[in-house]
>>> print(open('coords.txt').read())   # compact mmCIF, C-alpha atoms
# COMPACT_ATOMS: atom_id res chain seq x y z
CA MET A 1 -24.29 18.43 38.64
CA PHE A 2 -21.03 16.47 38.93
CA LYS A 3 -22.72 13.26 37.69
CA TRP A 4 -24.14 15.12 34.71
CA ILE A 5 -20.71 16.52 33.80
CA LYS A 6 -19.14 13.09 34.25
CA ARG A 7 -21.80 11.49 32.03
CA LEU A 8 -21.27 14.15 29.38
CA PHE A 9 -17.51 13.62 29.48
CA LEU A 10 -17.84 9.84 29.18
CA THR A 11 -20.28 10.21 26.30
CA ALA A 12 -17.91 12.57 24.48
CA LEU A 13 -15.01 10.21 25.12
CA LEU A 14 -17.00 7.29 23.74
CA VAL A 15 -17.85 9.27 20.60
CA VAL A 16 -14.17 10.09 20.10
CA ILE A 17 -13.17 6.44 20.58
CA VAL A 18 -15.84 5.19 18.16
CA ALA A 19 -14.91 7.85 15.61
CA ALA A 20 -11.21 6.99 15.92
CA GLY A 21 -12.01 3.30 15.57
CA ALA A 22 -14.10 3.92 12.49
CA PHE A 23 -11.34 6.07 11.02
CA VAL A 24 -8.57 3.47 11.39
CA THR A 25 -10.94 0.69 10.27
CA PHE A 26 -12.47 2.24 7.16
CA ALA A 27 -10.40 5.29 6.16
CA PRO A 28 -7.25 3.49 4.92
CA ALA A 29 -9.26 1.25 2.57
CA TYR A 30 -11.28 4.24 1.33
CA VAL A 31 -8.16 6.30 0.69
CA GLU A 32 -6.48 3.47 -1.18
CA ARG A 33 -9.51 2.86 -3.39
CA GLN A 34 -9.34 6.52 -4.38
CA ARG A 35 -5.57 6.62 -4.85
CA ASN A 36 -4.94 3.28 -6.61
CA ASN A 37 -7.95 2.91 -8.86
CA VAL A 38 -8.11 0.49 -11.77
CA ILE A 39 -10.40 1.92 -14.44
CA ALA A 40 -13.38 -0.39 -15.03
CA HIS A 41 -13.03 -2.24 -18.30
CA ASP A 42 -14.15 -5.27 -20.23
CA PRO A 43 -11.60 -8.09 -20.44
CA TYR A 44 -8.73 -7.18 -22.71
CA PRO A 45 -8.03 -9.47 -25.68
CA VAL A 46 -5.36 -12.13 -25.18
CA SER A 47 -4.83 -14.44 -28.13
CA PRO A 48 -3.80 -18.08 -27.59
CA GLU A 49 -0.47 -17.16 -29.19
CA ALA A 50 0.05 -14.28 -26.76
CA GLN A 51 -0.92 -16.35 -23.72
CA ALA A 52 1.41 -19.17 -24.78
CA LEU A 53 4.29 -16.71 -25.15
CA HIS A 54 3.48 -14.90 -21.92
CA ASP A 55 3.53 -18.15 -19.98
CA THR A 56 7.17 -18.67 -21.03
CA LEU A 57 8.37 -15.14 -20.21
CA LEU A 58 10.41 -13.97 -17.26
CA VAL A 59 8.26 -10.96 -16.34
CA GLY A 60 9.83 -8.26 -14.17
CA ASP A 61 8.61 -4.94 -12.75
CA LEU A 62 11.08 -2.31 -11.55
CA HIS A 63 8.73 -0.38 -9.24
CA ALA A 64 5.56 -0.82 -7.17
CA ASP A 65 4.40 0.53 -3.80
CA PRO A 66 1.95 -1.96 -2.22
CA LEU A 67 3.88 -1.93 1.09
CA LEU A 68 2.56 1.58 1.72
CA TRP A 69 -0.99 0.36 2.23
CA LYS A 70 -2.90 -1.53 4.92
CA ARG A 71 -3.42 -4.72 2.97
CA ASP A 72 -2.46 -8.38 3.36
CA LEU A 73 -0.52 -9.01 0.18
CA THR A 74 -0.83 -12.78 0.58
CA LYS A 75 -4.53 -12.49 -0.25
CA ARG A 76 -6.12 -11.42 -3.52
CA SER A 77 -7.72 -8.05 -2.91
CA ASP A 78 -10.54 -6.19 -4.61
CA ARG A 79 -8.62 -2.93 -4.24
CA GLY A 80 -5.23 -1.73 -5.31
CA GLN A 81 -3.29 -3.02 -8.29
CA MET A 82 -0.97 -5.68 -6.90
CA ASP A 83 -0.71 -8.54 -4.41
CA LEU A 84 1.01 -11.92 -4.42
CA PRO A 85 -1.87 -13.89 -6.00
CA ARG A 86 -2.17 -11.32 -8.78
CA LEU A 87 1.58 -11.36 -9.33
CA ARG A 88 1.29 -15.10 -9.88
CA GLU A 89 -1.67 -14.66 -12.24
CA GLY A 90 0.39 -12.18 -14.26
CA ASN A 91 3.39 -14.56 -14.29
CA VAL A 92 5.64 -11.98 -12.61
CA GLY A 93 8.98 -13.50 -11.64
CA LEU A 94 10.86 -10.34 -10.58
CA GLN A 95 9.27 -7.57 -8.53
CA ILE A 96 10.81 -4.59 -6.78
CA PHE A 97 8.75 -3.54 -3.75
CA THR A 98 9.52 0.09 -3.01
CA ALA A 99 9.13 1.87 0.33
CA VAL A 100 7.64 5.35 0.23
CA THR A 101 8.59 7.28 3.36
CA LYS A 102 7.74 10.92 2.63
CA SER A 103 5.31 12.66 0.28
CA PRO A 104 4.73 16.44 0.36
CA SER A 105 1.22 17.83 0.52
CA GLY A 106 0.18 19.28 -2.82
CA GLN A 107 2.62 16.97 -4.61
CA ASN A 108 3.13 17.84 -8.27
CA TYR A 109 5.66 17.28 -11.05
CA ASN A 110 6.96 20.87 -11.12
CA GLN A 111 8.09 22.07 -7.68
CA ASN A 112 7.66 20.77 -4.15
CA SER A 113 9.17 21.93 -0.88
CA ALA A 114 10.84 19.48 1.46
CA GLU A 115 9.24 21.50 4.27
CA ALA A 116 5.66 20.93 3.08
CA PHE A 117 3.33 18.89 5.27
CA ASP A 118 4.11 15.19 4.86
CA ASN A 119 1.19 13.00 3.80
CA ILE A 120 2.89 9.76 4.87
CA THR A 121 2.79 10.89 8.50
CA LEU A 122 -1.02 10.89 8.41
CA LEU A 123 -1.04 7.58 6.58
CA ALA A 124 1.30 5.99 9.13
CA ILE A 125 -0.87 7.16 12.03
CA GLY A 126 -4.16 6.30 10.32
CA GLN A 127 -2.97 2.80 9.43
CA LEU A 128 -1.66 2.25 12.98
CA TRP A 129 1.95 1.80 12.00
CA PRO A 130 4.25 1.50 15.04
CA ILE A 131 4.77 4.78 16.89
CA ARG A 132 8.47 4.64 16.02
CA THR A 133 7.50 5.31 12.38
CA TRP A 134 5.49 8.43 13.05
CA ASP A 135 8.49 10.75 13.18
CA SER A 136 11.30 8.71 11.61
CA LEU A 137 11.76 8.15 7.89
CA LEU A 138 14.31 5.43 8.58
CA GLN A 139 11.84 3.54 10.76
CA ARG A 140 9.18 3.84 8.06
CA ALA A 141 11.52 2.13 5.61
CA LEU A 142 12.43 -0.57 8.13
CA TYR A 143 8.77 -1.20 8.96
CA GLN A 144 7.81 -1.65 5.32
CA ALA A 145 10.67 -4.14 4.94
CA GLU A 146 9.34 -6.00 7.98
CA LYS A 147 5.94 -6.20 6.31
CA LEU A 148 7.38 -7.82 3.20
CA HIS A 149 9.34 -10.32 5.30
CA ARG A 150 6.10 -11.27 7.09
CA PHE A 151 4.38 -11.80 3.74
CA GLU A 152 7.29 -14.00 2.66
CA GLU A 153 6.98 -16.08 5.83
CA ALA A 154 3.23 -16.45 5.33
CA ALA A 155 3.47 -17.36 1.63
CA PRO A 156 6.90 -18.87 0.92
CA ASP A 157 5.58 -20.60 -2.20
CA HIS A 158 4.61 -17.18 -3.63
CA LEU A 159 7.52 -14.92 -2.59
CA LYS A 160 11.25 -15.13 -1.96
CA ILE A 161 13.02 -11.94 -0.91
CA VAL A 162 16.28 -11.70 -2.84
CA THR A 163 19.31 -9.96 -1.32
CA ASN A 164 22.19 -11.36 -3.38
CA LEU A 165 22.98 -12.93 -6.71
CA ALA A 166 22.92 -16.50 -5.41
CA GLU A 167 19.39 -16.08 -4.07
CA LEU A 168 18.28 -14.57 -7.36
CA GLU A 169 19.65 -17.52 -9.30
CA GLU A 170 17.92 -19.94 -6.90
CA VAL A 171 14.54 -18.37 -7.66
CA LEU A 172 15.22 -18.46 -11.39
CA ALA A 173 16.11 -22.15 -11.12
CA ALA A 174 12.90 -22.80 -9.17
CA ARG A 175 10.85 -21.05 -11.84
CA ALA A 176 12.61 -23.11 -14.51
CA ARG A 177 11.33 -26.18 -12.65
CA GLY A 178 7.80 -24.83 -12.92
CA GLU A 179 7.44 -23.18 -9.50
CA LYS A 180 5.41 -19.97 -9.74
CA ILE A 181 7.44 -18.03 -7.18
CA THR A 182 8.26 -14.34 -7.39
CA ALA A 183 11.69 -12.95 -6.51
CA GLY A 184 11.04 -9.81 -4.50
CA LEU A 185 13.60 -7.05 -4.00
CA LEU A 186 13.26 -4.18 -1.58
CA GLY A 187 13.89 -0.61 -2.73
CA ILE A 188 13.59 2.83 -1.18
CA GLU A 189 11.97 5.68 -3.10
CA GLY A 190 14.34 8.46 -2.20
CA ALA A 191 17.36 8.20 0.10
CA HIS A 192 15.90 10.49 2.76
CA PRO A 193 15.40 7.48 5.11
CA LEU A 194 19.17 7.74 5.64
CA GLU A 195 18.26 10.89 7.60
CA GLY A 196 21.55 12.45 6.54
CA GLU A 197 23.66 9.68 8.08
CA LEU A 198 25.68 7.35 5.86
CA ASN A 199 25.85 4.82 8.70
CA ASN A 200 22.10 4.25 8.34
CA MET A 201 22.92 2.38 5.13
CA ASP A 202 23.82 -0.53 7.43
CA ALA A 203 20.28 -0.74 8.80
CA LEU A 204 18.71 -0.53 5.34
CA GLU A 205 21.04 -3.19 3.94
CA LYS A 206 20.39 -5.49 6.91
CA ALA A 207 16.64 -5.06 6.38
CA GLY A 208 17.06 -6.34 2.82
CA TYR A 209 17.14 -3.16 0.73
CA ARG A 210 19.06 -3.62 -2.52
CA VAL A 211 17.60 -0.85 -4.72
CA ILE A 212 18.18 2.76 -3.74
CA GLY A 213 16.22 5.55 -5.34
CA LEU A 214 18.11 8.78 -4.68
CA HIS A 215 15.14 11.16 -4.66
CA HIS A 216 11.38 11.45 -4.55
CA PHE A 217 9.32 14.62 -5.02
CA PHE A 218 11.57 17.08 -3.17
CA ASP A 219 15.22 18.07 -2.80
CA ASN A 220 16.94 16.10 -0.06
CA ALA A 221 20.30 15.82 1.69
CA LEU A 222 21.88 14.25 -1.41
CA GLY A 223 21.03 16.99 -3.91
CA GLY A 224 18.28 18.08 -6.27
CA SER A 225 15.04 16.37 -7.18
CA LEU A 226 13.40 16.51 -10.60
CA HIS A 227 10.47 18.09 -8.75
CA GLY A 228 12.31 20.32 -6.26
CA PHE A 229 13.57 23.89 -6.34
CA SER A 230 17.35 23.66 -6.64
CA ASN A 231 17.86 21.59 -9.83
CA ALA A 232 21.22 20.83 -8.22
CA GLY A 233 23.48 17.87 -8.81
CA LEU A 234 24.92 15.59 -6.17
CA ASN A 235 26.56 17.27 -3.19
CA GLU A 236 29.38 15.62 -1.24
CA PHE A 237 26.98 13.59 0.89
CA GLY A 238 25.12 12.50 -2.21
CA LYS A 239 28.33 11.36 -3.84
CA SER A 240 29.25 9.37 -0.74
CA VAL A 241 25.83 7.67 -0.78
CA VAL A 242 26.15 6.72 -4.45
CA ALA A 243 29.67 5.38 -3.94
CA GLU A 244 28.57 3.41 -0.88
CA ALA A 245 25.52 1.97 -2.63
CA ALA A 246 27.63 0.86 -5.59
CA SER A 247 30.22 -0.76 -3.33
CA ARG A 248 27.48 -2.70 -1.52
CA GLY A 249 26.00 -4.08 -4.73
CA MET A 250 22.85 -1.97 -4.72
CA VAL A 251 20.94 -0.97 -7.84
CA ILE A 252 20.88 2.83 -8.22
CA ASP A 253 17.58 4.39 -9.31
CA VAL A 254 17.35 7.99 -10.56
CA ALA A 255 13.62 8.03 -11.36
CA HIS A 256 12.92 11.26 -9.45
CA SER A 257 16.39 12.83 -9.45
CA SER A 258 17.29 16.09 -11.17
CA PRO A 259 18.99 15.77 -14.57
CA MET A 260 22.20 17.07 -12.98
CA VAL A 261 22.12 14.33 -10.34
CA THR A 262 21.67 11.70 -13.06
CA LYS A 263 24.62 13.09 -15.02
CA ASP A 264 26.73 13.05 -11.85
CA VAL A 265 25.79 9.43 -11.17
CA LEU A 266 26.66 8.41 -14.73
CA ASN A 267 30.08 10.01 -14.27
CA MET A 268 30.65 8.17 -10.98
CA VAL A 269 29.66 4.54 -11.48
CA ASP A 270 30.36 1.81 -13.99
CA GLN A 271 27.33 -0.34 -13.21
CA PRO A 272 24.12 0.20 -15.21
CA ILE A 273 21.56 2.39 -13.45
CA ILE A 274 17.78 2.43 -13.73
CA VAL A 275 14.97 4.91 -14.15
CA SER A 276 12.56 2.58 -12.42
CA HIS A 277 9.22 4.11 -13.44
CA SER A 278 8.93 6.75 -16.11
CA GLY A 279 8.07 7.38 -19.73
CA LEU A 280 9.69 8.62 -22.90
CA HIS A 281 9.71 12.42 -23.32
CA GLY A 282 9.58 12.21 -27.11
CA TYR A 283 6.41 10.15 -26.76
CA CYS A 284 4.88 11.93 -23.77
CA PRO A 285 6.44 15.40 -23.35
CA VAL A 286 5.95 16.07 -19.62
CA LYS A 287 8.46 17.05 -16.96
CA ARG A 288 8.09 13.67 -15.26
CA ASN A 289 9.90 12.08 -18.23
CA TYR A 290 13.57 12.94 -18.80
CA GLN A 291 14.54 14.39 -22.16
CA ASP A 292 15.35 11.62 -24.65
CA SER A 293 19.00 12.74 -24.80
CA LEU A 294 19.45 11.98 -21.09
CA MET A 295 17.64 8.66 -21.45
CA LYS A 296 20.06 7.80 -24.28
CA ALA A 297 23.02 8.66 -22.04
CA ILE A 298 21.66 6.24 -19.43
CA ALA A 299 21.20 3.58 -22.11
CA ASP A 300 24.72 4.16 -23.46
CA LYS A 301 26.09 3.00 -20.09
CA GLY A 302 23.88 -0.10 -20.05
CA GLY A 303 21.02 1.37 -18.06
CA VAL A 304 17.35 0.48 -18.24
CA ILE A 305 14.19 2.62 -18.19
CA GLY A 306 11.01 1.16 -16.72
CA MET A 307 7.90 2.18 -18.66
CA GLY A 308 5.07 3.34 -16.39
CA TYR A 309 1.37 2.62 -16.82
CA TRP A 310 -0.21 5.90 -15.70
CA THR A 311 -1.04 9.11 -17.56
CA GLY A 312 1.88 11.06 -16.06
CA ALA A 313 4.26 8.69 -17.86
CA ALA A 314 2.30 7.56 -20.91
CA CYS A 315 -0.02 10.55 -21.53
CA ASP A 316 -3.32 9.76 -23.24
CA ASP A 317 -3.77 6.00 -23.62
CA ILE A 318 -2.93 3.85 -20.60
CA THR A 319 -4.64 0.68 -21.81
CA PRO A 320 -2.38 -2.26 -22.70
CA LYS A 321 -2.54 -1.07 -26.32
CA GLY A 322 -1.33 2.40 -25.34
CA ILE A 323 1.47 1.11 -23.09
CA ALA A 324 2.59 -1.26 -25.88
CA ARG A 325 2.70 1.70 -28.27
CA MET A 326 4.90 3.62 -25.81
CA ILE A 327 7.20 0.62 -25.34
CA LYS A 328 7.57 0.29 -29.12
CA ALA A 329 8.53 3.97 -29.34
CA ALA A 330 11.05 3.51 -26.51
CA ILE A 331 12.64 0.52 -28.27
CA ASP A 332 12.94 2.59 -31.45
CA THR A 333 14.54 5.46 -29.51
CA LEU A 334 16.74 3.72 -26.92
CA GLY A 335 17.27 0.22 -28.29
CA GLU A 336 15.75 -3.10 -27.27
CA ASP A 337 18.28 -3.67 -24.46
CA HIS A 338 17.28 -0.61 -22.44
CA VAL A 339 13.50 -0.77 -22.03
CA ALA A 340 11.72 -2.55 -19.18
CA LEU A 341 8.50 -2.42 -17.16
CA GLY A 342 8.06 0.05 -14.30
CA SER A 343 4.39 -0.03 -13.39
CA ASP A 344 4.24 2.22 -10.29
CA PHE A 345 1.36 -0.02 -9.22
CA ASP A 346 -0.14 1.09 -5.89
CA GLY A 347 1.86 4.31 -6.09
CA SER A 348 -1.17 6.62 -5.89
CA VAL A 349 -1.78 6.32 -9.62
CA GLU A 350 -4.81 5.31 -11.67
CA THR A 351 -4.19 2.52 -14.16
CA ALA A 352 -6.27 0.73 -16.77
CA PHE A 353 -5.14 -2.78 -15.74
CA ASP A 354 -3.56 -4.51 -12.76
CA THR A 355 -0.64 -6.91 -12.51
CA SER A 356 -2.81 -9.98 -13.11
CA GLU A 357 -3.56 -8.72 -16.66
CA LEU A 358 -0.03 -8.49 -18.03
CA ALA A 359 -0.74 -11.13 -20.69
CA ALA A 360 -2.85 -8.42 -22.37
CA LEU A 361 0.30 -6.29 -22.64
CA THR A 362 2.13 -9.19 -24.30
CA HIS A 363 -0.80 -9.49 -26.72
CA GLU A 364 -0.58 -5.81 -27.65
CA LEU A 365 3.21 -5.91 -28.04
CA ILE A 366 2.79 -8.69 -30.59
CA ALA A 367 0.09 -6.64 -32.32
CA ALA A 368 2.40 -3.60 -32.38
CA GLY A 369 5.02 -5.58 -34.26
CA VAL A 370 7.49 -6.08 -31.42
CA SER A 371 9.46 -9.27 -32.04
CA GLU A 372 9.52 -12.19 -29.62
CA PRO A 373 13.18 -11.61 -28.60
CA GLN A 374 12.40 -7.93 -27.97
CA ILE A 375 9.32 -8.83 -25.93
CA ARG A 376 11.40 -11.18 -23.79
CA LYS A 377 13.94 -8.44 -23.13
CA VAL A 378 11.40 -5.74 -22.30
CA MET A 379 9.20 -7.94 -20.15
CA GLY A 380 12.04 -9.05 -17.87
CA GLU A 381 15.39 -9.97 -19.36
CA ASN A 382 16.71 -6.39 -19.40
CA MET A 383 15.79 -6.00 -15.73
CA LEU A 384 17.53 -9.29 -14.95
CA ARG A 385 20.70 -8.11 -16.67
CA VAL A 386 20.86 -5.01 -14.46
CA LEU A 387 20.27 -7.06 -11.31
CA ARG A 388 23.03 -9.48 -12.25
CA ALA A 389 25.38 -6.59 -12.95
CA SER A 390 24.77 -4.97 -9.56
CA LEU A 391 24.01 -7.57 -6.90
CA LYS A 392 26.96 -9.16 -5.11
>>> encode(input="coords.txt", output="structure tokens")
Amino acid sequence: MFKWIKRLFLTALLVVIVAAGAFVTFAPAYVERQRNNVIAHDPYPVSPEAQALHDTLLVGDLHADPLLWKRDLTKRSDRGQMDLPRLREGNVGLQIFTAVTKSPSGQNYNQNSAEAFDNITLLAIGQLWPIRTWDSLLQRALYQAEKLHRFEEAAPDHLKIVTNLAELEEVLAARARGEKITAGLLGIEGAHPLEGELNNMDALEKAGYRVIGLHHFFDNALGGSLHGFSNAGLNEFGKSVVAEAASRGMVIDVAHSSPMVTKDVLNMVDQPIIVSHSGLHGYCPVKRNYQDSLMKAIADKGGVIGMGYWTGAACDDITPKGIARMIKAAIDTLGEDHVALGSDFDGSVETAFDTSELAALTHELIAAGVSEPQIRKVMGENMLRVLRASLK
């Protein structure tokens, strides 16, 4: 009887081990294929004129989340929307890699509770992130920074992590010499990894973070989210975080902050701020996109809005033609100095193209009547101006 029970126990244990092994081996890739799909399509048109222009552009992207996923970014993947080889194929010279550390279950654009079950906890466990990340938002941010540093070490000819102005200028000089290297900057999507402690800014800065998004999909210790319940502005802690970030030469991102938070930030800082990944409300009237009047206030202080490539930002047409149409509308509304790219690649969004296909966007901008100087600004020069104005 004892042997039979022991055999049954060992069999059950083996089944659990095999099931767990299969889960951590196959589930992350399956989940990512579902969350970061690129719609199947025939090759988009790229004229010789467009390709020639695109090859001379400084292309920059204000927001992407590939560090969230279990993927070697030094290798070209058949899933997701971005990796280092595809950045090179798309001629991307500036890329912000953003760390997602908390995402509420049932996430939506209207209202989310900070107390809702956190999806990133399951993702961290399922992808076998270090145990220290399972219950610490700060450690999740630090771990994702460690991942990017490892990718830099493995592919130094593809990626250079930039933490100051001198390093940025070095990469630009290398690209001017013909080197196809991407300057990567680390950003956090929401300041909740501070865990309510201003001193934790030291750890984030040491890890390489230079872009600080104040909120994600829920109200946090700084104040209200665009998708929370309070609609509040910055509280005292939030104001101290903004002041500290500005003094350290960090770029301030209000992509998911409440309108009141954004107004408070504009009243506090002189440096230009960003809405890293969004759309234009007058073009796509959804809550995810700030009202045009607030976007204009951001532009009036030198800020830049990154145009997203998914339906929540662009509404109906997310092909290169549709994104070009939205960019043209944003230039007409905000001015050519305040529009940039903010893909949200690998941010649990479906897109119609990946980062290797950005020449098709250049083609459609030309077709939409956007001038060459305007294309240069939108594709990267406006982003570069903000970085130069903020980094030490």
>>> atom_distance(input="coords.txt", atom1="atom CA of A:Ala124", atom2="atom CA of A:Arg210")
23.3 Å
>>> closest_atom_pairs(input="coords.txt", of="stretch 294-356 of chain A", to="stretch 49-71 of chain A", cutoff="12 Å", atoms="all atoms listed in the file", output="JSON lines")
{"residue": "A:Val304", "atom": "CA", "partner": "A:Leu62", "partner_atom": "CA", "distance": 9.6}
{"residue": "A:Ile305", "atom": "CA", "partner": "A:Leu62", "partner_atom": "CA", "distance": 8.8}
{"residue": "A:Gly306", "atom": "CA", "partner": "A:Leu62", "partner_atom": "CA", "distance": 6.2}
{"residue": "A:Met307", "atom": "CA", "partner": "A:Leu62", "partner_atom": "CA", "distance": 9.0}
{"residue": "A:Gly308", "atom": "CA", "partner": "A:His63", "partner_atom": "CA", "distance": 8.9}
{"residue": "A:Tyr309", "atom": "CA", "partner": "A:His63", "partner_atom": "CA", "distance": 11.0}
{"residue": "A:Val339", "atom": "CA", "partner": "A:Leu62", "partner_atom": "CA", "distance": 10.9}
{"residue": "A:Ala340", "atom": "CA", "partner": "A:Asp61", "partner_atom": "CA", "distance": 7.5}
{"residue": "A:Leu341", "atom": "CA", "partner": "A:Asp61", "partner_atom": "CA", "distance": 5.1}
{"residue": "A:Gly342", "atom": "CA", "partner": "A:Leu62", "partner_atom": "CA", "distance": 4.7}
{"residue": "A:Ser343", "atom": "CA", "partner": "A:His63", "partner_atom": "CA", "distance": 6.0}
{"residue": "A:Asp344", "atom": "CA", "partner": "A:Ala64", "partner_atom": "CA", "distance": 4.6}
{"residue": "A:Phe345", "atom": "CA", "partner": "A:Ala64", "partner_atom": "CA", "distance": 4.7}
{"residue": "A:Asp346", "atom": "CA", "partner": "A:Asp65", "partner_atom": "CA", "distance": 5.0}
{"residue": "A:Gly347", "atom": "CA", "partner": "A:Asp65", "partner_atom": "CA", "distance": 5.1}
{"residue": "A:Ser348", "atom": "CA", "partner": "A:Asp65", "partner_atom": "CA", "distance": 8.5}
{"residue": "A:Val349", "atom": "CA", "partner": "A:Asp65", "partner_atom": "CA", "distance": 10.3}
{"residue": "A:Asp354", "atom": "CA", "partner": "A:Ala64", "partner_atom": "CA", "distance": 11.3}
{"residue": "A:Thr355", "atom": "CA", "partner": "A:Asp61", "partner_atom": "CA", "distance": 9.5}
{"residue": "A:Ser356", "atom": "CA", "partner": "A:Val59", "partner_atom": "CA", "distance": 11.6}
>>> closest_atom_pairs(input="coords.txt", of="stretch 141-189 of chain A", to="stretch 212-227 of chain A", cutoff="7 Å", atoms="only C-alpha atoms", output="JSON lines")
{"residue": "A:Gly187", "atom": "CA", "partner": "A:Ile212", "partner_atom": "CA", "distance": 5.5}
{"residue": "A:Ile188", "atom": "CA", "partner": "A:Ile212", "partner_atom": "CA", "distance": 5.3}
{"residue": "A:Glu189", "atom": "CA", "partner": "A:Gly213", "partner_atom": "CA", "distance": 4.8}
>>> residues_near_point(input="coords.txt", point="(18.9, -0.2, 0.6)", cutoff="8 Å", atoms="all atoms listed in the file", output="list in words")
Leu186, Gly187, Ile188, Met201, Leu204, Glu205, Ala207, Gly208, Tyr209, Arg210, Val211, Ile212, Ala245 and Met250 of chain A
>>> closest_residue(input="coords.txt", among="A:Val378, A:Ala174, A:Leu73, A:Ala359", to="A:Arg150", atoms="only C-alpha atoms")
A:Leu73
>>> closest_residue(input="coords.txt", among="A:Ile252, A:Ala191, A:Ala313, A:Ile298", to="A:His277", atoms="only C-alpha atoms")
A:Ala313
>>> atom_distance(input="coords.txt", atom1="atom CA of A:Ala183", atom2="atom CA of A:Glu357")
18.8 Å
>>> closest_residue(input="coords.txt", among="A:Glu115, A:Glu244, A:Asp83, A:Glu170", to="A:Phe229", atoms="only C-alpha atoms")
A:Glu115
>>> residues_around(input="coords.txt", residues="A:Ser293", least_positions_apart="6", cutoff="12 Å", atoms="all atoms listed in the file", output="short mmCIF file (atom, residue, chain, number, x, y, z; two decimals) with C-alpha atoms, keeping the file's coordinate frame")
data_model
loop_
_atom_site.label_atom_id
_atom_site.label_comp_id
_atom_site.auth_asym_id
_atom_site.auth_seq_id
_atom_site.Cartn_x
_atom_site.Cartn_y
_atom_site.Cartn_z
CA PRO A 259 18.99 15.77 -14.57
CA LYS A 263 24.62 13.09 -15.02
CA LEU A 280 9.69 8.62 -22.90
CA HIS A 281 9.71 12.42 -23.32
CA GLY A 282 9.58 12.21 -27.11
CA ALA A 299 21.20 3.58 -22.11
CA ASP A 300 24.72 4.16 -23.46
CA THR A 333 14.54 5.46 -29.51
CA LEU A 334 16.74 3.72 -26.92
#
>>> closest_residue(input="coords.txt", among="A:His256, A:Val251, A:Thr311, A:Pro156", to="A:Asn231", atoms="all atoms listed in the file")
A:His256
>>> closest_residue(input="coords.txt", among="A:Leu358, A:Leu365, A:Ala389, A:Leu142", to="A:Thr98", atoms="only C-alpha atoms")
A:Leu142
>>> closest_residue(input="coords.txt", among="A:Gly126, A:Pro45, A:Gly178, A:Gly279", to="A:Glu364", atoms="all atoms listed in the file")
A:Pro45
>>> residues_around(input="coords.txt", residues="stretch 152-154 of chain A", least_positions_apart="6", cutoff="8 Å", atoms="only C-alpha atoms", output="PyMOL selection string")
chain A and resi 74+160-161
>>> atom_distance(input="coords.txt", atom1="atom CA of A:Gly228", atom2="atom CA of A:Gln111")
4.8 Å
>>> closest_atom_pairs(input="coords.txt", of="stretch 78-111 of chain A", to="stretch 265-276 of chain A", cutoff="12 Å", atoms="only C-alpha atoms", output="tab-separated table")
residue	atom	partner	partner_atom	distance
A:Gln95	CA	A:Ser276	CA	11.4
A:Ile96	CA	A:Ser276	CA	9.3
A:Phe97	CA	A:Ser276	CA	11.3
A:Thr98	CA	A:Ser276	CA	10.2
>>> build_atoms(input="coords.txt", residues="stretch 348-359 of chain A", atoms="N, CA and C atoms", output="compact mmCIF listing (two decimals), in the coordinates of the input")
# COMPACT_ATOMS: atom_id res chain seq x y z
N SER A 348 -0.24 5.49 -5.79
CA SER A 348 -1.17 6.62 -5.89
C SER A 348 -1.33 7.06 -7.34
N VAL A 349 -1.53 6.06 -8.21
CA VAL A 349 -1.78 6.32 -9.62
C VAL A 349 -2.99 5.51 -10.08
N GLU A 350 -3.71 6.05 -11.05
CA GLU A 350 -4.81 5.31 -11.67
C GLU A 350 -4.27 4.58 -12.88
N THR A 351 -4.62 3.31 -13.01
CA THR A 351 -4.19 2.52 -14.16
C THR A 351 -5.42 1.92 -14.84
N ALA A 352 -5.19 1.35 -16.03
CA ALA A 352 -6.27 0.73 -16.77
C ALA A 352 -6.23 -0.79 -16.67
N PHE A 353 -5.24 -1.33 -15.97
CA PHE A 353 -5.14 -2.78 -15.74
C PHE A 353 -4.29 -3.00 -14.50
N ASP A 354 -4.40 -4.19 -13.92
CA ASP A 354 -3.56 -4.51 -12.76
C ASP A 354 -2.55 -5.58 -13.15
N THR A 355 -1.76 -6.02 -12.19
CA THR A 355 -0.64 -6.91 -12.51
C THR A 355 -1.08 -8.29 -12.96
N SER A 356 -2.32 -8.67 -12.66
CA SER A 356 -2.81 -9.98 -13.11
C SER A 356 -3.09 -10.00 -14.61
N GLU A 357 -3.15 -8.83 -15.25
CA GLU A 357 -3.56 -8.72 -16.66
C GLU A 357 -2.40 -8.48 -17.61
N LEU A 358 -1.19 -8.81 -17.20
CA LEU A 358 -0.03 -8.49 -18.03
C LEU A 358 0.02 -9.28 -19.33
N ALA A 359 -0.69 -10.41 -19.41
CA ALA A 359 -0.74 -11.13 -20.69
C ALA A 359 -1.36 -10.26 -21.77
